[in-house]
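Following: one structure in structure tokens, then a few remarks.
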Amino acid sequence: MTQRARLTWNGARALSAMQAGAVLGVRLAAEHVLTISRARVPIEEGTLERSGTASVDEAGPVAAVSYDTPYAVRVHEDLTARHDPGRGAKYLEAVVDEEGERALAIIAAQLRRALR
């Protein structure tokens, strides 16, 4: 007895879904890092915290989390400054180090969902 099977490969649709899943995953991972880092940004008036943004280059897809004030880098790097408890220097770098695995898991979850 001979069995037959028919397979239709939708490669273009699969690649498109993967790209969309990757872009969404990278965006959500960047937003996650931004949210956690905002809770650690030193606060005087809140300007630095409000300047935080997550941006995504969908062609990559690549994301960036940044803070846009003239003093953002100085505050981030000054390990001698005193800040409120839970807030301080390395407010972005430390979060990336601590949340890197979680960010990768967020991206992977979106890729899995896109390929269902």
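In the structure tokens, chains take the letters A, B, ... in the order shown, each chain's residues start at 1, and ligands count up from 1 in the order shown.
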(request) Apply DSSP to the backbone of this structure and, from stretch 45-87 of chain A, keep only the residues in alpha helix (DSSP H); write these as a ChimeraX atom specification. (result) /A:47-50,72-77
(request) For A:Ala14, work out the shell of residues within 12 Å, counting only C-alpha atoms and skipping chain neighbours fewer than 3 positions away, then give it as a PyMOL selection string. (result) chain A and resi 8-11+17-21+111-116
(message) as a PyMOL selection string, please: every residue in chain A that a backbone DSSP assignment puts in strand (DSSP E or B).
(response) chain A and resi 52-57+62-67
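Taking atom CA of A:Val75 and atom CA of A:Ala89 as endpoints, the distance between them is 6.1 Å.
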(message) Taking only C-alpha atoms into account, name the residue in A:Glu31, A:Glu93, A:Glu101, A:Asp84 that is nearest to A:Val56.
(response) A:Glu31
(request) Work out how far apart atom CA of A:Tyr71 and atom CA of A:Thr47 are and give it in Å to one decimal. (result)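 Going from atom CA of A:Tyr71 over to atom CA of A:Thr47, I get 10.4 Å.
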(request) Could you check how far atom CA of A:Ala59 sits from atom CA of A:Ala22, in Å to one decimal? (result)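 That distance, rounded to one decimal, is 10.3 Å.
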List the neighbours of A:Ile106 out to 8 Å using only C-alpha atoms; skip same-chain residues closer than 2 positions along the sequence, and give me the result as a short mmCIF file (atom, residue, chain, number, x, y, z; two decimals) with N, CA and C atoms, in the first residue's frame.
```
data_model
loop_
_atom_site.label_atom_id
_atom_site.label_comp_id
_atom_site.auth_asym_id
_atom_site.auth_seq_id
_atom_site.Cartn_x
_atom_site.Cartn_y
_atom_site.Cartn_z
N GLY A 25 9.45 41.20 19.36
CA GLY A 25 10.22 40.72 20.50
C GLY A 25 11.29 41.69 20.93
N VAL A 26 12.01 42.23 19.97
CA VAL A 26 13.07 43.21 20.27
C VAL A 26 12.46 44.47 20.88
N LEU A 28 9.60 44.70 22.60
CA LEU A 28 9.16 44.39 23.97
C LEU A 28 10.33 44.22 24.92
N ALA A 29 11.40 43.62 24.46
CA ALA A 29 12.60 43.47 25.31
C ALA A 29 13.19 44.83 25.65
N ARG A 102 16.30 37.64 30.54
CA ARG A 102 14.86 37.88 30.43
C ARG A 102 14.53 38.53 29.09
N ALA A 103 15.36 39.46 28.65
CA ALA A 103 15.14 40.11 27.36
C ALA A 103 15.20 39.09 26.22
N LEU A 104 16.17 38.18 26.28
CA LEU A 104 16.26 37.13 25.27
C LEU A 104 15.03 36.22 25.31
N ALA A 108 12.48 35.39 22.25
CA ALA A 108 12.22 34.00 21.87
C ALA A 108 10.72 33.69 21.92
N ALA A 109 10.04 34.19 22.92
CA ALA A 109 8.61 33.94 23.05
C ALA A 109 7.85 34.53 21.86
N GLN A 110 8.23 35.70 21.43
CA GLN A 110 7.56 36.32 20.28
C GLN A 110 7.85 35.56 18.99
#
```
(request) Tell me which of A:Leu24, A:Leu48, A:Leu15, A:Pro42 sits closest to A:Leu79, counting only C-alpha atoms. (result)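 When distances to A:Leu79 are compared using only C-alpha atoms, the smallest one comes from A:Pro42.
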